>>> print(open('structure-v2.txt').read())   # compact mmCIF, C-alpha atoms and all ligand atoms
# COMPACT_ATOMS: atom_id res chain seq x y z
CA MET K 20 15.91 -17.55 19.43
CA THR K 21 13.37 -19.70 17.69
CA GLY K 22 9.73 -19.88 18.80
CA ILE K 23 8.15 -23.31 19.22
CA TYR K 24 6.81 -24.36 15.84
CA VAL K 25 3.08 -24.21 16.62
CA HIS K 26 1.94 -26.58 13.83
CA GLY K 27 4.38 -29.35 14.82
CA TYR K 28 5.94 -31.86 12.42
CA ASP K 29 3.37 -34.66 12.28
CA PRO K 30 2.48 -36.34 8.95
CA ARG K 31 -0.92 -34.63 8.75
CA GLU K 32 0.73 -31.20 9.00
CA ASN K 33 3.24 -32.20 6.32
CA LEU K 34 0.36 -33.17 4.02
CA ARG K 35 -1.32 -29.82 4.75
CA LEU K 36 1.87 -27.95 3.77
CA GLN K 37 1.94 -29.89 0.47
CA ASP K 38 -1.77 -29.11 -0.19
CA GLN K 39 -1.16 -25.45 0.65
CA ALA K 40 1.81 -25.25 -1.70
CA SER K 41 0.15 -26.96 -4.66
CA THR K 42 -3.02 -24.85 -4.35
CA LEU K 43 -1.15 -21.55 -4.15
CA VAL K 44 1.59 -22.10 -6.72
CA GLU K 45 0.29 -19.65 -9.33
CA LEU K 46 -0.74 -16.95 -6.83
CA LEU K 47 2.47 -16.96 -4.79
CA HIS K 48 5.24 -18.18 -7.08
CA SER K 49 4.52 -17.23 -10.69
CA ASP K 50 6.60 -14.02 -10.47
CA THR K 51 9.65 -15.56 -8.78
CA THR K 52 12.36 -16.81 -11.15
CA TYR K 53 16.09 -16.66 -10.58
CA PRO K 54 18.67 -16.39 -13.37
CA GLU K 55 21.00 -19.12 -14.57
CA GLY K 56 23.93 -19.73 -12.23
CA SER K 57 22.59 -17.59 -9.39
CA ASN K 58 22.99 -18.91 -5.84
CA VAL K 59 19.69 -18.94 -3.98
CA LEU K 60 19.16 -19.70 -0.29
CA GLU K 61 15.75 -21.03 0.69
CA ALA K 62 15.47 -20.62 4.47
CA GLY K 63 13.05 -22.85 6.42
CA CYS K 64 12.20 -25.14 3.50
CA GLY K 65 10.23 -27.56 5.72
CA VAL K 66 9.24 -30.71 3.82
CA GLY K 67 10.13 -29.11 0.50
CA ALA K 68 6.61 -28.04 -0.46
CA GLN K 69 7.83 -24.72 -1.92
CA THR K 70 11.29 -26.02 -2.87
CA VAL K 71 9.93 -28.10 -5.74
CA THR K 72 8.16 -25.07 -7.28
CA LEU K 73 11.18 -22.81 -6.75
CA ALA K 74 13.40 -25.32 -8.54
CA PHE K 75 10.94 -25.83 -11.42
CA ASN K 76 10.60 -22.06 -11.94
CA SER K 77 14.37 -21.49 -11.83
CA PRO K 78 15.83 -24.69 -13.26
CA ARG K 79 19.27 -23.18 -13.86
CA ALA K 80 19.68 -21.47 -10.48
CA LEU K 81 21.60 -23.26 -7.73
CA ILE K 82 19.28 -23.56 -4.75
CA THR K 83 20.43 -24.35 -1.22
CA SER K 84 17.47 -25.19 1.04
CA ILE K 85 17.88 -25.33 4.80
CA ASP K 86 15.66 -26.15 7.74
CA LEU K 87 16.14 -26.48 11.47
CA SER K 88 14.45 -29.88 11.50
CA GLU K 89 16.49 -32.87 10.36
CA ALA K 90 13.26 -34.85 9.78
CA SER K 91 11.90 -32.11 7.50
CA ILE K 92 15.17 -32.09 5.54
CA ASP K 93 14.82 -35.87 5.06
CA ALA K 94 11.25 -35.39 3.78
CA ALA K 95 12.33 -32.50 1.53
CA THR K 96 15.15 -34.65 0.11
CA LYS K 97 12.59 -37.31 -0.81
CA ALA K 98 10.26 -34.70 -2.39
CA VAL K 99 13.09 -33.26 -4.47
CA GLN K 100 14.26 -36.73 -5.58
CA ALA K 101 10.68 -37.78 -6.46
CA ALA K 102 10.39 -34.68 -8.67
CA ALA K 103 13.74 -35.52 -10.36
CA ILE K 104 15.12 -32.09 -9.42
CA ASP K 105 18.90 -31.71 -9.65
CA ASN K 106 19.53 -28.04 -8.78
CA VAL K 107 18.73 -28.19 -5.05
CA THR K 108 21.10 -28.96 -2.17
CA LEU K 109 19.46 -29.62 1.19
CA ARG K 110 21.03 -29.35 4.60
CA GLN K 111 20.03 -28.98 8.21
CA ALA K 112 20.86 -25.47 9.49
CA ASP K 113 19.56 -22.75 11.78
CA ILE K 114 18.76 -19.32 10.32
CA PHE K 115 20.33 -17.76 13.42
CA HIS K 116 23.59 -19.71 13.00
CA LEU K 117 24.00 -19.97 9.27
CA PRO K 118 26.94 -22.13 8.19
CA PHE K 119 27.77 -19.93 5.16
CA PRO K 120 30.32 -17.14 4.70
CA ALA K 121 29.08 -13.54 4.44
CA GLU K 122 27.78 -12.54 1.00
CA SER K 123 27.47 -16.14 -0.28
CA PHE K 124 24.08 -15.84 -1.99
CA ASP K 125 22.59 -13.78 -4.81
CA HIS K 126 19.06 -14.24 -3.52
CA VAL K 127 17.23 -15.41 -0.39
CA PHE K 128 13.71 -16.85 -0.33
CA LEU K 129 11.56 -17.72 2.67
CA CYS K 130 7.92 -18.65 2.94
CA PHE K 131 5.78 -19.09 6.08
CA VAL K 132 8.83 -19.02 8.35
CA LEU K 133 8.99 -15.56 10.00
CA GLU K 134 5.52 -16.07 11.50
CA HIS K 135 7.02 -18.75 13.77
CA LEU K 136 10.00 -16.76 15.01
CA SER K 137 10.12 -14.60 18.12
CA GLN K 138 12.89 -12.47 16.57
CA PRO K 139 11.95 -11.97 12.91
CA VAL K 140 14.11 -8.85 12.45
CA GLU K 141 17.18 -10.70 13.78
CA ALA K 142 16.39 -13.58 11.40
CA LEU K 143 16.21 -11.15 8.47
CA ARG K 144 19.50 -9.56 9.55
CA ALA K 145 21.15 -13.01 9.72
CA LEU K 146 19.90 -13.73 6.20
CA LYS K 147 21.05 -10.30 5.00
CA HIS K 148 24.55 -11.12 6.23
CA VAL K 149 24.85 -14.05 3.79
CA LEU K 150 23.27 -12.08 0.92
CA LYS K 151 25.53 -10.27 -1.57
CA PRO K 152 25.17 -6.50 -1.82
CA GLY K 153 22.57 -5.87 -4.51
CA GLY K 154 20.98 -9.29 -3.87
CA THR K 155 17.27 -9.73 -3.18
CA ILE K 156 15.20 -11.28 -0.46
CA THR K 157 11.68 -12.59 -1.09
CA VAL K 158 9.40 -13.23 1.88
CA ILE K 159 5.91 -14.72 1.79
CA GLU K 160 3.64 -14.73 4.84
CA GLY K 161 -0.04 -15.02 5.64
CA ASP K 162 -2.07 -12.88 8.04
CA HIS K 163 -4.94 -14.56 9.87
CA GLY K 164 -6.56 -11.18 10.52
CA SER K 165 -7.31 -11.14 6.79
CA ALA K 166 -9.64 -14.17 6.97
CA TYR K 167 -13.33 -13.48 6.47
CA PHE K 168 -16.12 -15.61 5.17
CA TYR K 169 -19.79 -16.15 4.46
CA PRO K 170 -21.81 -17.18 6.34
CA ASP K 171 -20.06 -15.17 9.03
CA SER K 172 -19.66 -16.90 12.38
CA ASP K 173 -18.47 -15.63 15.73
CA TYR K 174 -17.46 -19.22 16.64
CA ALA K 175 -15.32 -19.55 13.52
CA ARG K 176 -13.69 -16.15 14.10
CA ARG K 177 -12.92 -17.16 17.69
CA ALA K 178 -11.40 -20.47 16.55
CA VAL K 179 -9.12 -18.54 14.14
CA ARG K 180 -8.27 -16.20 17.00
CA CYS K 181 -7.20 -19.26 19.07
CA GLN K 182 -4.54 -19.97 16.45
CA VAL K 183 -3.37 -16.35 16.64
CA GLU K 184 -3.16 -16.49 20.44
CA LEU K 185 -1.39 -19.87 20.55
CA GLN K 186 1.13 -18.74 17.98
CA ALA K 187 1.75 -15.56 19.98
CA LYS K 188 2.23 -17.63 23.15
CA ALA K 189 4.82 -19.72 21.29
CA GLY K 190 6.65 -16.50 20.36
CA GLY K 191 5.34 -16.23 16.79
CA ASN K 192 2.95 -13.90 15.01
CA ALA K 193 0.08 -15.18 12.86
CA LEU K 194 -0.67 -11.56 11.88
CA ILE K 195 2.79 -10.97 10.46
CA GLY K 196 1.82 -10.43 6.81
CA ARG K 197 0.83 -6.81 7.44
CA ALA K 198 4.21 -6.18 9.14
CA LEU K 199 6.54 -7.28 6.33
CA TYR K 200 7.32 -3.75 5.18
CA PRO K 201 8.49 -2.43 8.60
CA LEU K 202 10.27 -5.70 9.43
CA LEU K 203 12.34 -5.60 6.24
CA ARG K 204 13.11 -1.90 6.66
CA ASN K 205 14.14 -2.46 10.29
CA ALA K 206 16.45 -5.25 9.17
CA GLY K 207 18.20 -2.77 6.84
CA PHE K 208 16.75 -3.79 3.46
CA SER K 209 15.99 -1.23 0.76
CA GLU K 210 13.52 -0.97 -2.11
CA VAL K 211 10.96 -2.93 -0.11
CA HIS K 212 7.93 -3.75 -2.22
CA VAL K 213 4.99 -5.62 -0.69
CA SER K 214 2.29 -7.19 -2.80
CA PRO K 215 -0.92 -8.44 -1.13
CA ARG K 216 -2.28 -11.62 -2.76
CA MET K 217 -5.89 -12.38 -2.02
CA VAL K 218 -7.39 -15.84 -2.29
CA TYR K 219 -11.11 -15.56 -2.94
CA VAL K 220 -13.02 -18.84 -2.88
CA ASP K 221 -16.62 -19.58 -3.80
CA SER K 222 -18.24 -22.78 -5.00
CA SER K 223 -17.56 -21.93 -8.64
CA LYS K 224 -13.90 -22.72 -7.78
CA PRO K 225 -14.09 -26.30 -6.49
CA ASP K 226 -10.29 -26.77 -6.58
CA LEU K 227 -9.83 -23.83 -4.18
CA VAL K 228 -12.76 -24.93 -1.99
CA GLU K 229 -11.01 -28.27 -1.55
CA GLY K 230 -7.35 -27.23 -1.73
CA PHE K 231 -7.51 -23.95 0.18
CA THR K 232 -10.61 -23.54 2.37
CA ARG K 233 -10.81 -27.18 3.45
CA LYS K 234 -7.35 -28.66 3.24
CA THR K 235 -5.18 -25.61 3.93
CA PHE K 236 -6.97 -23.12 6.18
CA THR K 237 -9.61 -25.16 8.01
CA ALA K 238 -7.19 -28.10 8.35
CA MET K 239 -4.72 -25.72 10.01
CA ILE K 240 -7.28 -24.48 12.55
CA GLU K 241 -8.50 -28.04 13.14
CA GLY K 242 -4.88 -29.01 13.76
CA ILE K 243 -4.70 -26.84 16.89
CA ARG K 244 -7.86 -28.35 18.46
CA LYS K 245 -5.98 -30.20 21.20
CA SER K 246 -3.79 -27.25 22.22
CA SER K 247 -6.70 -24.80 22.04
CA LEU K 248 -8.78 -26.92 24.37
CA ALA K 249 -5.81 -27.48 26.70
CA SER K 250 -5.23 -23.73 26.88
CA GLY K 251 -8.85 -23.14 27.84
CA ILE K 252 -9.25 -20.31 25.31
CA MET K 253 -12.49 -21.87 24.01
CA SER K 254 -14.78 -24.62 25.24
CA GLU K 255 -14.78 -27.88 23.25
CA ALA K 256 -18.33 -27.28 22.00
CA ASP K 257 -17.58 -23.71 20.87
CA PHE K 258 -14.33 -24.70 19.12
CA ASP K 259 -16.03 -27.59 17.28
CA LYS K 260 -18.86 -25.26 16.24
CA GLY K 261 -16.19 -22.87 14.90
CA ILE K 262 -14.66 -25.66 12.81
CA ALA K 263 -18.09 -26.77 11.59
CA ASP K 264 -18.84 -23.16 10.59
CA LEU K 265 -15.55 -22.94 8.66
CA TYR K 266 -16.57 -26.09 6.74
CA ARG K 267 -20.01 -24.51 6.25
CA THR K 268 -18.31 -21.80 4.14
CA THR K 269 -17.44 -24.52 1.58
CA GLU K 270 -21.10 -25.15 0.74
CA THR K 271 -22.74 -23.87 -2.46
CA ASP K 272 -23.51 -20.39 -1.08
CA GLY K 273 -20.30 -20.07 0.98
CA ILE K 274 -17.39 -17.64 0.52
CA PHE K 275 -13.88 -17.65 1.96
CA CYS K 276 -11.31 -14.86 1.64
CA TYR K 277 -7.69 -14.69 2.82
CA THR K 278 -4.75 -12.46 1.96
CA PHE K 279 -1.10 -13.47 1.73
CA PHE K 280 1.66 -10.86 1.56
CA LYS K 281 4.68 -11.26 -0.69
CA ALA K 282 7.59 -8.87 -0.16
CA ARG K 283 10.72 -8.36 -2.21
CA ALA K 284 13.58 -6.19 -1.01
CA VAL K 285 17.17 -5.43 -1.88
CA ASN K 286 20.36 -5.68 0.17
CA ASP K 287 21.49 -2.29 -0.97
CA TYR K 288 25.21 -1.35 -1.14
CA HIS K 289 24.37 2.11 0.15
CA ALA K 290 22.16 0.85 2.97
CA GLU K 291 25.33 -0.46 4.65
CA GLN K 292 26.42 3.16 5.00
CA GLY K 293 23.00 4.19 6.33
CA THR K 294 21.73 5.78 3.11
CA PRO K 295 19.27 3.40 1.47
CA ARG K 296 18.70 4.17 -2.22
CA ASP K 297 15.01 4.77 -1.62
CA ALA K 298 15.49 6.85 1.52
CA PRO K 299 13.24 9.88 1.39
CA GLN K 300 15.09 13.02 0.25
CA ARG K 301 15.82 15.45 3.08
CA ALA K 302 14.32 18.84 2.64
CA ARG K 303 16.80 21.64 1.91
CA LEU K 304 16.80 24.17 4.68
C1 LIG Q 1 5.38 -23.54 8.25
S1 LIG Q 1 6.89 -24.32 7.91
C2 LIG Q 1 7.10 -23.73 6.26
C3 LIG Q 1 7.88 -24.67 5.42
C4 LIG Q 1 7.98 -24.27 3.95
N1 LIG Q 1 8.66 -23.01 3.77
C5 LIG Q 1 6.59 -24.21 3.32
O1 LIG Q 1 6.11 -23.12 3.01
O2 LIG Q 1 5.98 -25.27 3.15
C6 LIG Q 1 8.13 -23.41 8.83
C7 LIG Q 1 9.50 -24.07 8.80
O3 LIG Q 1 10.47 -23.18 9.35
C8 LIG Q 1 11.42 -23.98 10.02
N2 LIG Q 1 12.19 -23.17 10.97
C9 LIG Q 1 11.74 -22.58 12.11
N3 LIG Q 1 12.76 -21.93 12.73
C10 LIG Q 1 13.86 -22.11 11.97
C11 LIG Q 1 15.22 -21.69 12.10
N4 LIG Q 1 15.63 -20.97 13.14
N5 LIG Q 1 16.11 -22.06 11.16
C12 LIG Q 1 15.69 -22.81 10.09
N6 LIG Q 1 14.42 -23.24 9.92
C13 LIG Q 1 13.51 -22.90 10.85
C14 LIG Q 1 10.59 -25.05 10.71
O4 LIG Q 1 11.39 -26.16 11.06
C15 LIG Q 1 9.56 -25.37 9.63
O5 LIG Q 1 9.96 -26.42 8.80
>>> encode(input="structure-v2.txt", output="structure tokens")
Amino acid sequence: MTGIYVHGYDPRENLRLQDQASTLVELLHSDTTYPEGSNVLEAGCGVGAQTVTLAFNSPRALITSIDLSEASIDAATKAVQAAAIDNVTLRQADIFHLPFPAESFDHVFLCFVLEHLSQPVEALRALKHVLKPGGTITVIEGDHGSAYFYPDSDYARRAVRCQVELQAKAGGNALIGRALYPLLRNAGFSEVHVSPRMVYVDSSKPDLVEGFTRKTFTAMIEGIRKSSLASGIMSEADFDKGIADLYRTTETDGIFCYTFFKARAVNDYHAEQGTPRDAPQRARL
């Protein structure tokens, strides 16, 4: 069911996930807060990079964070303890075999998980099953097709494309951000609202140059160097030139742009009977 996780679980990747989360907190999380006493499932919490923010923003919600990887759950437990957070329970679990009764949660949250799955609609359906009627799901994903930069570089675009191809070979989809609306509708959710969130970086924003362009995006592409070369998609010289050109965008005259997509949808009571609340009205004949 699950695609191979293309980024792997090594310490460098864990650090990149933490850098990504801390740089993007305001952009991605500022409008997500859950009410006191609500039960929230965070699916695919990884090393807890988003968990800490979720818990800070909703200190009175009861958050259950799961991940397939036992090692990631251990790291997330440490992150949560280090932040002195007491409203998060962590456990190892598979989205496709959730160990919770139907309709256990008021809300579901997942970030950068669907892109790694070969069956994202089935994953959303499995999550819908444990969501109460009227509950919400929030999904955040990137889309590597949205990356553009100055100076432009064919080598850099090809290196990004390597990531897209490798992820596709592993059963995932690095272009999934643009597909959140149809995926959620196909999984039976209603009131789907997708909000694109663009990160624009120039040298007047040194924190983003460092935290996003260098340590999040370019670090991610650099992280697939070995597998890209092994796959023969690009020659070593061309790939390294692509990476160098991505770093070139962090110089004084450089620009980097990327768009994330954040979707929120409802597990509608009526959708169960095949009539979602926001279904288009049928014309009277
Ligand atoms: C890119 S990481 C994102 C982690 C975290 N949400 C974040 O944004 O930092 C994707 C995570 O999804 C997890 N994952 C993949 N398939 C899963 C499944 N079937 N059930 C639970 N977790 C899964 C992986 O183990 C990995 O930790």
>>> axis_aligned_box(input="structure-v2.txt", around="segment 48-67 of chain K", padding_each_side="6 Å", output="lines of an AutoDock Vina configuration file")
center_x = 14.2
center_y = -22.4
center_z = -4.1
size_x = 31.4
size_y = 28.7
size_z = 33.0
>>> closest_residue(input="structure-v2.txt", among="K:Cys181, K:Leu203, K:Ala284, K:Ala189", to="ligand LIG 1 (chain Q)", atoms="all atoms listed in the file")
K:Ala189
>>> atom_distance(input="structure-v2.txt", atom1="atom CA of Phe279 of chain K", atom2="atom CA of Phe231 of chain K")
12.4 Å
>>> atom_distance(input="structure-v2.txt", atom1="atom CA of Asp287 of chain K", atom2="atom CA of Leu150 of chain K")
10.1 Å
>>> residues_around(input="structure-v2.txt", residues="segment 245-251 of chain K", least_positions_apart="3", cutoff="12 Å", atoms="only C-alpha atoms", output="list of chain:residue names")
K:Val25, K:His26, K:Gly27, K:Arg177, K:Ala178, K:Val179, K:Arg180, K:Cys181, K:Gln182, K:Val183, K:Glu184, K:Leu185, K:Gln186, K:Lys188, K:Ala189, K:Ile240, K:Glu241, K:Gly242, K:Ser254, K:Glu255, K:Ala256, K:Asp257, K:Phe258, K:Asp259
>>> residues_near_ligand(input="structure-v2.txt", ligand="ligand LIG 1 (chain Q)", cutoff="6 Å", atoms="only C-alpha atoms and all ligand atoms", output="list in words")
Thr21, Leu36, Gly63, Cys64, Gly65, Ala68, Gln69, Asp86, Leu87, Ser88, Ala112, Asp113, Ile114, Phe115, Cys130, Phe131 and Val132 of chain K
>>> residues_around(input="structure-v2.txt", residues="Thr155 of chain K", least_positions_apart="4", cutoff="9 Å", atoms="only C-alpha atoms", output="list in words")
Asp125, His126, Val127, Phe128, Leu150, Lys151, Phe208, Arg283, Ala284, Val285, Asn286 and Asp287 of chain K
>>> closest_residue(input="structure-v2.txt", among="K:Gly161, K:His148, K:Gly154, K:Leu136", to="Gly191 of chain K", atoms="all atoms listed in the file")
K:Leu136
>>> closest_residue(input="structure-v2.txt", among="K:Thr96, K:Ser91, K:Thr51, K:Thr157", to="Ser77 of chain K", atoms="all atoms listed in the file")
K:Thr51
>>> closest_residue(input="structure-v2.txt", among="K:Arg267, K:Lys234, K:Asp221, K:Glu160", to="Leu129 of chain K", atoms="only C-alpha atoms")
K:Glu160
>>> residues_near_point(input="structure-v2.txt", point="(24.7, -17.1, -0.5)", cutoff="6 Å", atoms="only C-alpha atoms", output="short mmCIF file (atom, residue, chain, number, x, y, z; two decimals) with C-alpha atoms, keeping the file's coordinate frame")
data_model
loop_
_atom_site.label_atom_id
_atom_site.label_comp_id
_atom_site.auth_asym_id
_atom_site.auth_seq_id
_atom_site.Cartn_x
_atom_site.Cartn_y
_atom_site.Cartn_z
CA ASN K 58 22.99 -18.91 -5.84
CA GLU K 122 27.78 -12.54 1.00
CA SER K 123 27.47 -16.14 -0.28
CA PHE K 124 24.08 -15.84 -1.99
CA ASP K 125 22.59 -13.78 -4.81
CA VAL K 149 24.85 -14.05 3.79
CA LEU K 150 23.27 -12.08 0.92
#
>>> decode(input="structure-v2.txt", residues="segment 50-79 of chain K", atoms="N, CA and C atoms", output="PDB file, in the first residue's frame")
ATOM      1  N   ASP K  50      -3.340  29.359  10.572  1.00  0.00           N
ATOM      2  CA  ASP K  50      -4.806  29.299  10.572  1.00  0.00           C
ATOM      3  C   ASP K  50      -5.333  27.917  10.978  1.00  0.00           C
ATOM      4  N   THR K  51      -4.523  27.120  11.642  1.00  0.00           N
ATOM      5  CA  THR K  51      -5.006  25.824  12.133  1.00  0.00           C
ATOM      6  C   THR K  51      -4.974  25.788  13.652  1.00  0.00           C
ATOM      7  N   THR K  52      -6.152  25.891  14.266  1.00  0.00           N
ATOM      8  CA  THR K  52      -6.258  25.730  15.721  1.00  0.00           C
ATOM      9  C   THR K  52      -7.477  24.869  15.991  1.00  0.00           C
ATOM     10  N   TYR K  53      -7.355  23.973  16.946  1.00  0.00           N
ATOM     11  CA  TYR K  53      -8.439  23.059  17.278  1.00  0.00           C
ATOM     12  C   TYR K  53      -8.966  23.393  18.675  1.00  0.00           C
ATOM     13  N   PRO K  54     -10.299  23.281  18.858  1.00  0.00           N
ATOM     14  CA  PRO K  54     -10.884  23.694  20.135  1.00  0.00           C
ATOM     15  C   PRO K  54     -10.531  22.786  21.307  1.00  0.00           C
ATOM     16  N   GLU K  55     -10.738  23.325  22.482  1.00  0.00           N
ATOM     17  CA  GLU K  55     -10.477  22.614  23.738  1.00  0.00           C
ATOM     18  C   GLU K  55     -11.223  21.274  23.750  1.00  0.00           C
ATOM     19  N   GLY K  56     -10.521  20.224  24.110  1.00  0.00           N
ATOM     20  CA  GLY K  56     -11.148  18.913  24.279  1.00  0.00           C
ATOM     21  C   GLY K  56     -11.350  18.145  22.994  1.00  0.00           C
ATOM     22  N   SER K  57     -11.033  18.757  21.828  1.00  0.00           N
ATOM     23  CA  SER K  57     -11.266  18.011  20.586  1.00  0.00           C
ATOM     24  C   SER K  57     -10.155  16.972  20.384  1.00  0.00           C
ATOM     25  N   ASN K  58     -10.546  15.848  19.790  1.00  0.00           N
ATOM     26  CA  ASN K  58      -9.593  14.766  19.511  1.00  0.00           C
ATOM     27  C   ASN K  58      -9.071  14.917  18.093  1.00  0.00           C
ATOM     28  N   VAL K  59      -7.756  15.087  17.980  1.00  0.00           N
ATOM     29  CA  VAL K  59      -7.142  15.335  16.675  1.00  0.00           C
ATOM     30  C   VAL K  59      -6.171  14.199  16.353  1.00  0.00           C
ATOM     31  N   LEU K  60      -6.265  13.671  15.137  1.00  0.00           N
ATOM     32  CA  LEU K  60      -5.303  12.665  14.680  1.00  0.00           C
ATOM     33  C   LEU K  60      -4.329  13.324  13.720  1.00  0.00           C
ATOM     34  N   GLU K  61      -3.036  13.282  14.057  1.00  0.00           N
ATOM     35  CA  GLU K  61      -2.014  13.702  13.098  1.00  0.00           C
ATOM     36  C   GLU K  61      -1.438  12.433  12.459  1.00  0.00           C
ATOM     37  N   ALA K  62      -1.641  12.284  11.156  1.00  0.00           N
ATOM     38  CA  ALA K  62      -1.208  11.064  10.467  1.00  0.00           C
ATOM     39  C   ALA K  62       0.131  11.295   9.772  1.00  0.00           C
ATOM     40  N   GLY K  63       1.106  10.410  10.002  1.00  0.00           N
ATOM     41  CA  GLY K  63       2.432  10.564   9.386  1.00  0.00           C
ATOM     42  C   GLY K  63       3.182  11.718  10.002  1.00  0.00           C
ATOM     43  N   CYS K  64       3.333  11.678  11.328  1.00  0.00           N
ATOM     44  CA  CYS K  64       3.941  12.816  12.054  1.00  0.00           C
ATOM     45  C   CYS K  64       5.446  12.885  11.866  1.00  0.00           C
ATOM     46  N   GLY K  65       6.071  11.800  11.351  1.00  0.00           N
ATOM     47  CA  GLY K  65       7.521  11.798  11.171  1.00  0.00           C
ATOM     48  C   GLY K  65       8.220  12.047  12.493  1.00  0.00           C
ATOM     49  N   VAL K  66       9.232  12.921  12.472  1.00  0.00           N
ATOM     50  CA  VAL K  66      10.031  13.177  13.678  1.00  0.00           C
ATOM     51  C   VAL K  66       9.406  14.260  14.558  1.00  0.00           C
ATOM     52  N   GLY K  67       8.167  14.603  14.268  1.00  0.00           N
ATOM     53  CA  GLY K  67       7.436  15.528  15.138  1.00  0.00           C
ATOM     54  C   GLY K  67       7.625  16.994  14.783  1.00  0.00           C
ATOM     55  N   ALA K  68       8.156  17.247  13.577  1.00  0.00           N
ATOM     56  CA  ALA K  68       8.460  18.623  13.185  1.00  0.00           C
ATOM     57  C   ALA K  68       7.206  19.502  13.157  1.00  0.00           C
ATOM     58  N   GLN K  69       6.074  18.939  12.705  1.00  0.00           N
ATOM     59  CA  GLN K  69       4.823  19.716  12.672  1.00  0.00           C
ATOM     60  C   GLN K  69       4.043  19.526  13.987  1.00  0.00           C
ATOM     61  N   THR K  70       4.271  18.403  14.649  1.00  0.00           N
ATOM     62  CA  THR K  70       3.525  18.066  15.863  1.00  0.00           C
ATOM     63  C   THR K  70       3.672  19.157  16.918  1.00  0.00           C
ATOM     64  N   VAL K  71       4.897  19.643  17.072  1.00  0.00           N
ATOM     65  CA  VAL K  71       5.190  20.642  18.101  1.00  0.00           C
ATOM     66  C   VAL K  71       4.368  21.917  17.836  1.00  0.00           C
ATOM     67  N   THR K  72       4.307  22.343  16.580  1.00  0.00           N
ATOM     68  CA  THR K  72       3.532  23.536  16.230  1.00  0.00           C
ATOM     69  C   THR K  72       2.043  23.303  16.427  1.00  0.00           C
ATOM     70  N   LEU K  73       1.572  22.133  15.979  1.00  0.00           N
ATOM     71  CA  LEU K  73       0.148  21.794  16.147  1.00  0.00           C
ATOM     72  C   LEU K  73      -0.238  21.901  17.620  1.00  0.00           C
ATOM     73  N   ALA K  74       0.607  21.317  18.470  1.00  0.00           N
ATOM     74  CA  ALA K  74       0.306  21.277  19.905  1.00  0.00           C
ATOM     75  C   ALA K  74       0.373  22.667  20.519  1.00  0.00           C
ATOM     76  N   PHE K  75       1.320  23.494  20.086  1.00  0.00           N
ATOM     77  CA  PHE K  75       1.414  24.867  20.609  1.00  0.00           C
ATOM     78  C   PHE K  75       0.190  25.686  20.205  1.00  0.00           C
ATOM     79  N   ASN K  76      -0.263  25.486  18.955  1.00  0.00           N
ATOM     80  CA  ASN K  76      -1.399  26.275  18.448  1.00  0.00           C
ATOM     81  C   ASN K  76      -2.739  25.809  19.010  1.00  0.00           C
ATOM     82  N   SER K  77      -2.787  24.578  19.483  1.00  0.00           N
ATOM     83  CA  SER K  77      -4.038  24.029  20.038  1.00  0.00           C
ATOM     84  C   SER K  77      -3.729  23.353  21.376  1.00  0.00           C
ATOM     85  N   PRO K  78      -3.341  24.153  22.375  1.00  0.00           N
ATOM     86  CA  PRO K  78      -2.822  23.551  23.607  1.00  0.00           C
ATOM     87  C   PRO K  78      -3.857  22.755  24.388  1.00  0.00           C
ATOM     88  N   ARG K  79      -5.140  22.984  24.113  1.00  0.00           N
ATOM     89  CA  ARG K  79      -6.169  22.253  24.869  1.00  0.00           C
ATOM     90  C   ARG K  79      -6.842  21.135  24.056  1.00  0.00           C
TER      91      ARG K  79
END
